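Below is one structure; the comments refer to it alone.
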Amino acid sequence: MIRAVLFGLLFVGSAHAACPPTPAPPSAEQSAAWAAKAPDRGLLWRISRGGHSSYLFGSLHIGKADWAYPGPALRAAWAQTEVLAVELDPADVGAALAAMPRPEPLAPAQARRLDAQARAACLPPAALSALPAMLQLATLTLMEARRDGFDAGFGQDMMLLGWAKGEGRPVQSLETVQEQLDAMAPDAAELPAVIDGTLRQLRSGQMRAPLRRLAGAWSRGDLATLGNYARWCACADTPAEHAWLKRINDDRNLQLAARITALHGAGQRLLVAVGALHMSGPQALPRLLAEQGFTVEPLLPSK
């Protein structure tokens with residue numbers, strides 16, 4: 001979630017043909033048509049315990065313009081809940097980022113490669129320099145996704161947050177800004193390999209195919225393909241990359257499950273939106289919640 005929030009803070013566009021294209025906002029007519037015909041996308045479970053139900057939605061942090069509208073199953077889940085729970089509420093981010101100390105400088109060669117990639121993405125000079133390396137890479141990845149029509153502003157999390165704001169629905173964060181930053185940061189031994197691997201994908205254009213595959217798998221609710229993400233993403237090819245991917249996905253799930261359990265146990269009927277990659281593997285959120293005594297019923301993809 002922090003990636004989408006950061007990208008919103010760094011929104012830029014350019015008409016140059018080599019730049020990632022700036023997404024065009026839909027017209028009123030397009031919005032009305034897409035909202036009326038939106039199909040179900042993603043993954044959805046009903047989770048029940050203690051005499052009431054909440055819903056767990058496997059979201060995607062990027063999307064296409066016509067994806068930013070809920071389908072029938074998600075609309076029904078929204079109508080039966082009263083609180084939106086997300087990984088991180090954007091309202092928590094601005095002050096935390098402003099208070100962050102300036103990151104430790106990277107090795108000069110890596111800093112130059114990051115700067116070169118930022119220029120290739122048509123970002124203004126020094127636009128990312130105040131951010132930790134992993135947030136720079138996250139922003140560059142989101143910029144690259146624009147080349148295939150994806151944008152963080154069209155992600156399901158942002159759509160649900162906008163919907164909640166419009167209705168005055170309470171929003172609960174499942175993590176703090178610092179917890180997300182800590183999860184995203186490789187340790188000192190892993191950092192060079194993770195930076196080099198991501199930059200290699202970006203420079204070569206090899207980031208785009210995995211992003212398209214990820215988005216397609218999410219759109220059709222293909223949990224099996226999502227569960228094998230580490231095998232085909234080209235982002236976990238070294239021990240350091242694999243360890244980092246495990247840290248930002250599986251290792252966060254115990255805490256996410258505990259906080260969902262606490263909020264639900266307080267009597268709140270939740271719509272929980274968490275990235276779809278958290279829904280697979282041995283630490284999958286539906287599995288952890290079942291171990292906490294929830295009855296977990298899959299609703300999407302519908303059979």
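In the structure tokens, each chain is lettered A, B, ... as it comes, each chain's residues begin at 1, and ligands are numbered from 1 in order of appearance.
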**Study point:** Contacts of segment 29-32 of chain A at 10 Å (only C-alpha atoms; same-chain gap of 2+ positions) as an MDAnalysis selection string
**Key:** chainID A and resid 25:27 34:37 65:66 68:69
Exercise for review: Apply DSSP to the backbone of this structure and, from segment 7-70 of chain A, keep only the residues in helix (DSSP H, G or I); write these as a PyMOL selection string.
Suggested key: chain A and resi 7-9+28-37+65-67
Do you know which residues are at most 8 Å from segment 169-180 of chain A counting only C-alpha atoms, after dropping those on the same chain fewer than 4 positions away, and could you put them as a tab-separated table (two decimals) with C-alpha atoms, in the first residue's frame?
chain	number	residue	atom	x	y	z
A	2	ILE	CA	2.79	2.44	0.79
A	82	GLU	CA	-19.27	-1.08	8.24
A	83	VAL	CA	-15.48	-0.62	8.45
A	84	LEU	CA	-12.80	-0.76	5.74
A	85	ALA	CA	-9.51	-2.31	6.91
A	86	VAL	CA	-6.45	-1.86	4.68
A	87	GLU	CA	-2.76	-2.53	5.04
A	88	LEU	CA	-2.13	1.18	5.52
A	89	ASP	CA	-4.40	4.23	5.43
A	92	ASP	CA	-1.14	8.00	8.08
A	93	VAL	CA	1.66	8.37	5.55
A	96	ALA	CA	5.53	9.84	8.82
A	161	LEU	CA	-10.50	4.09	0.10
A	164	ALA	CA	-15.04	4.93	2.12
A	165	LYS	CA	-14.14	8.62	2.15
A	184	MET	CA	10.31	-3.44	2.71
A	256	LEU	CA	-1.99	-9.01	9.71
A	259	ARG	CA	-4.97	-7.52	13.80
A	260	ILE	CA	-7.87	-8.69	11.63
Point to revise | Shell of 10 Å around Gly293 of chain A, only C-alpha atoms, local chain residues under 5 positions omitted, as number ranges by chain | key: A: 47-50, 261, 288
Exercise for review: For segment 148-151 of chain A, please output as a PyMOL selection string all residues within 9 Å (counting only C-alpha atoms; exclusion window: fewer than 2 positions along the same chain).
Suggested key: chain A and resi 4+20-23+61-65+142-146+153-155+208+211-212+215
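For the atom pair formed by atom CA of Pro70 of chain A and atom CA of Phe294 of chain A, the distance is 25.0 Å, given to one decimal.
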Review point. Separation of atom CA of Val272 of chain A and atom CA of Pro132 of chain A, in Å?
Key: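 Computing it gives 28.1 Å between the two atoms.
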Could you list, as a short mmCIF file (atom, residue, chain, number, x, y, z; two decimals) with N, CA and C atoms, in the first residue's frame, every residue within 10 Å of Leu60 of chain A, counting only C-alpha atoms and ignoring same-chain residues fewer than 2 positions away?
data_model
loop_
_atom_site.label_atom_id
_atom_site.label_comp_id
_atom_site.auth_asym_id
_atom_site.auth_seq_id
_atom_site.Cartn_x
_atom_site.Cartn_y
_atom_site.Cartn_z
N MET A 1 0.82 -1.21 0.00
CA MET A 1 0.00 0.00 0.00
C MET A 1 0.85 1.25 0.00
N ARG A 41 -13.73 -9.21 -9.92
CA ARG A 41 -12.30 -9.47 -10.12
C ARG A 41 -11.67 -9.74 -8.76
N GLY A 42 -10.56 -10.46 -8.78
CA GLY A 42 -9.81 -10.66 -7.55
C GLY A 42 -10.30 -11.86 -6.76
N LEU A 43 -10.03 -11.84 -5.47
CA LEU A 43 -10.30 -12.95 -4.56
C LEU A 43 -11.09 -12.43 -3.37
N PHE A 57 -10.75 -9.46 1.14
CA PHE A 57 -10.60 -9.23 -0.30
C PHE A 57 -9.12 -9.20 -0.66
N GLY A 58 -8.72 -10.05 -1.60
CA GLY A 58 -7.36 -10.04 -2.14
C GLY A 58 -7.27 -9.02 -3.25
N ILE A 62 -2.20 -2.05 -8.28
CA ILE A 62 -2.27 -1.34 -9.55
C ILE A 62 -3.50 -1.82 -10.29
N GLY A 63 -3.91 -1.09 -11.30
CA GLY A 63 -5.05 -1.52 -12.09
C GLY A 63 -5.15 -0.72 -13.37
N ALA A 152 -1.23 3.02 -10.22
CA ALA A 152 -1.58 2.85 -8.81
C ALA A 152 -2.91 3.53 -8.47
N PHE A 154 -5.54 3.43 -10.06
CA PHE A 154 -6.65 2.56 -10.43
C PHE A 154 -6.63 1.25 -9.64
N GLY A 155 -5.77 1.15 -8.63
CA GLY A 155 -5.73 -0.06 -7.80
C GLY A 155 -6.99 -0.19 -6.96
N GLN A 156 -7.33 -1.42 -6.62
CA GLN A 156 -8.56 -1.68 -5.87
C GLN A 156 -8.52 -1.04 -4.48
N ASP A 157 -7.36 -1.00 -3.86
CA ASP A 157 -7.27 -0.38 -2.54
C ASP A 157 -7.68 1.10 -2.61
N MET A 158 -7.14 1.79 -3.63
CA MET A 158 -7.45 3.21 -3.76
C MET A 158 -8.92 3.43 -4.08
N LEU A 214 0.96 -10.98 -13.36
CA LEU A 214 0.41 -10.79 -12.03
C LEU A 214 -0.98 -10.18 -12.10
N ALA A 215 -1.12 -9.12 -12.90
CA ALA A 215 -2.41 -8.45 -13.01
C ALA A 215 -3.46 -9.37 -13.62
N TRP A 218 -4.52 -11.98 -11.04
CA TRP A 218 -5.41 -11.38 -10.05
C TRP A 218 -6.80 -11.15 -10.62
N SER A 219 -6.87 -10.62 -11.83
CA SER A 219 -8.16 -10.27 -12.41
C SER A 219 -9.09 -11.47 -12.53
N ALA A 273 -9.13 -5.35 2.89
CA ALA A 273 -8.48 -5.38 1.57
C ALA A 273 -6.98 -5.45 1.77
N VAL A 274 -6.41 -6.58 1.37
CA VAL A 274 -4.98 -6.84 1.52
C VAL A 274 -4.47 -7.41 0.19
N GLY A 275 -3.24 -7.07 -0.18
CA GLY A 275 -2.68 -7.53 -1.43
C GLY A 275 -2.84 -9.02 -1.66
N ALA A 276 -3.18 -9.39 -2.89
CA ALA A 276 -3.54 -10.78 -3.20
C ALA A 276 -2.40 -11.78 -2.95
N LEU A 277 -1.15 -11.34 -3.03
CA LEU A 277 -0.05 -12.27 -2.79
C LEU A 277 -0.02 -12.75 -1.35
#
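Closest approach to Trp45 of chain A from the set A:Leu245, A:Ala24, A:Leu74, A:Leu131 is made by A:Leu74, with distances taken over only C-alpha atoms.
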**Study point:** Within 12 Å of segment 112-123 of chain A using only C-alpha atoms, minus same-chain residues under 6 positions, as a PyMOL selection string
**Key:** chain A and resi 7+10-22+105-106+129+131-147+192+195-205
Practice item. One decimal, Å: what's the distance from atom CA of His264 of chain A over to atom CA of Val296 of chain A, could you say? Key: 13.5 Å
Exercise for review: Using only C-alpha atoms, pick whichever of A:Met159, A:Ala290, A:Ala262, A:Leu270 has the shortest atom-to-atom distance to Ser53 of chain A.
Suggested key: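 So, comparing all the options, the nearest one is A:Leu270.
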Point to revise | A:Leu289, A:Ala185, A:Ala266, A:Leu223 ranked by distance to Trp244 of chain A, top pick (using only C-alpha atoms) | key: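 Ranked by minimum distance to Trp244 of chain A, first place goes to A:Ala185.
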Review point. Nearest to Ala236 of chain A: which of A:Ala193, A:Ala217, A:Ala284, A:Ala91 is it, counting only C-alpha atoms?
Key: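 Selected residue with least distance to Ala236 of chain A: A:Ala193.
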Practice item. Find, counting only C-alpha atoms, the residue in A:Met279, A:Leu285, A:Leu263, A:Ala189 that gets nearest to Pro239 of chain A. Key: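 Going through A:Met279, A:Leu285, A:Leu263, A:Ala189 one by one, the smallest distance to Pro239 of chain A is for A:Ala189.
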**Study point:** DSSP strand (DSSP E or B) residues within segment 50-186 of chain A, listed as an MDAnalysis selection string
**Key:** chainID A and resid 52:59 63 83:86 151 171:173
Output N, CA and C atoms of each residue in that selection to a file, as a tab-separated table (two decimals), in the first residue's frame.
chain	number	residue	atom	x	y	z
A	52	HIS	N	-20.79	-13.18	13.88
A	52	HIS	CA	-20.94	-12.22	12.80
A	52	HIS	C	-19.84	-12.46	11.76
A	53	SER	N	-20.01	-11.84	10.59
A	53	SER	CA	-19.12	-12.08	9.46
A	53	SER	C	-18.41	-10.80	9.04
A	54	SER	N	-17.18	-10.97	8.56
A	54	SER	CA	-16.43	-9.95	7.85
A	54	SER	C	-16.06	-10.53	6.49
A	55	TYR	N	-15.37	-9.75	5.67
A	55	TYR	CA	-14.98	-10.19	4.33
A	55	TYR	C	-13.51	-9.86	4.10
A	56	LEU	N	-12.83	-10.78	3.46
A	56	LEU	CA	-11.41	-10.63	3.14
A	56	LEU	C	-11.26	-10.58	1.63
A	57	PHE	N	-10.75	-9.46	1.14
A	57	PHE	CA	-10.60	-9.23	-0.30
A	57	PHE	C	-9.12	-9.20	-0.66
A	58	GLY	N	-8.72	-10.05	-1.60
A	58	GLY	CA	-7.36	-10.04	-2.14
A	58	GLY	C	-7.27	-9.02	-3.25
A	59	SER	N	-6.62	-7.89	-2.98
A	59	SER	CA	-6.62	-6.75	-3.89
A	59	SER	C	-5.35	-6.71	-4.72
A	63	GLY	N	-3.91	-1.09	-11.30
A	63	GLY	CA	-5.05	-1.52	-12.09
A	63	GLY	C	-5.15	-0.72	-13.37
A	83	VAL	N	-16.83	-1.16	8.29
A	83	VAL	CA	-15.48	-0.62	8.45
A	83	VAL	C	-14.61	-1.18	7.33
A	84	LEU	N	-13.79	-0.32	6.72
A	84	LEU	CA	-12.80	-0.76	5.74
A	84	LEU	C	-11.46	-0.90	6.46
A	85	ALA	N	-10.84	-2.07	6.35
A	85	ALA	CA	-9.51	-2.31	6.91
A	85	ALA	C	-8.53	-2.53	5.76
A	86	VAL	N	-7.46	-1.77	5.74
A	86	VAL	CA	-6.45	-1.86	4.68
A	86	VAL	C	-5.08	-2.01	5.33
A	151	ASP	N	-1.91	1.60	-13.42
A	151	ASP	CA	-1.56	2.75	-12.60
A	151	ASP	C	-2.00	2.49	-11.17
A	171	VAL	N	-11.96	3.90	8.45
A	171	VAL	CA	-10.87	3.15	7.85
A	171	VAL	C	-9.88	2.76	8.94
A	172	GLN	N	-9.53	1.50	9.00
A	172	GLN	CA	-8.56	0.99	9.96
A	172	GLN	C	-7.31	0.53	9.24
A	173	SER	N	-6.15	0.93	9.75
A	173	SER	CA	-4.88	0.43	9.23
A	173	SER	C	-4.50	-0.84	9.97
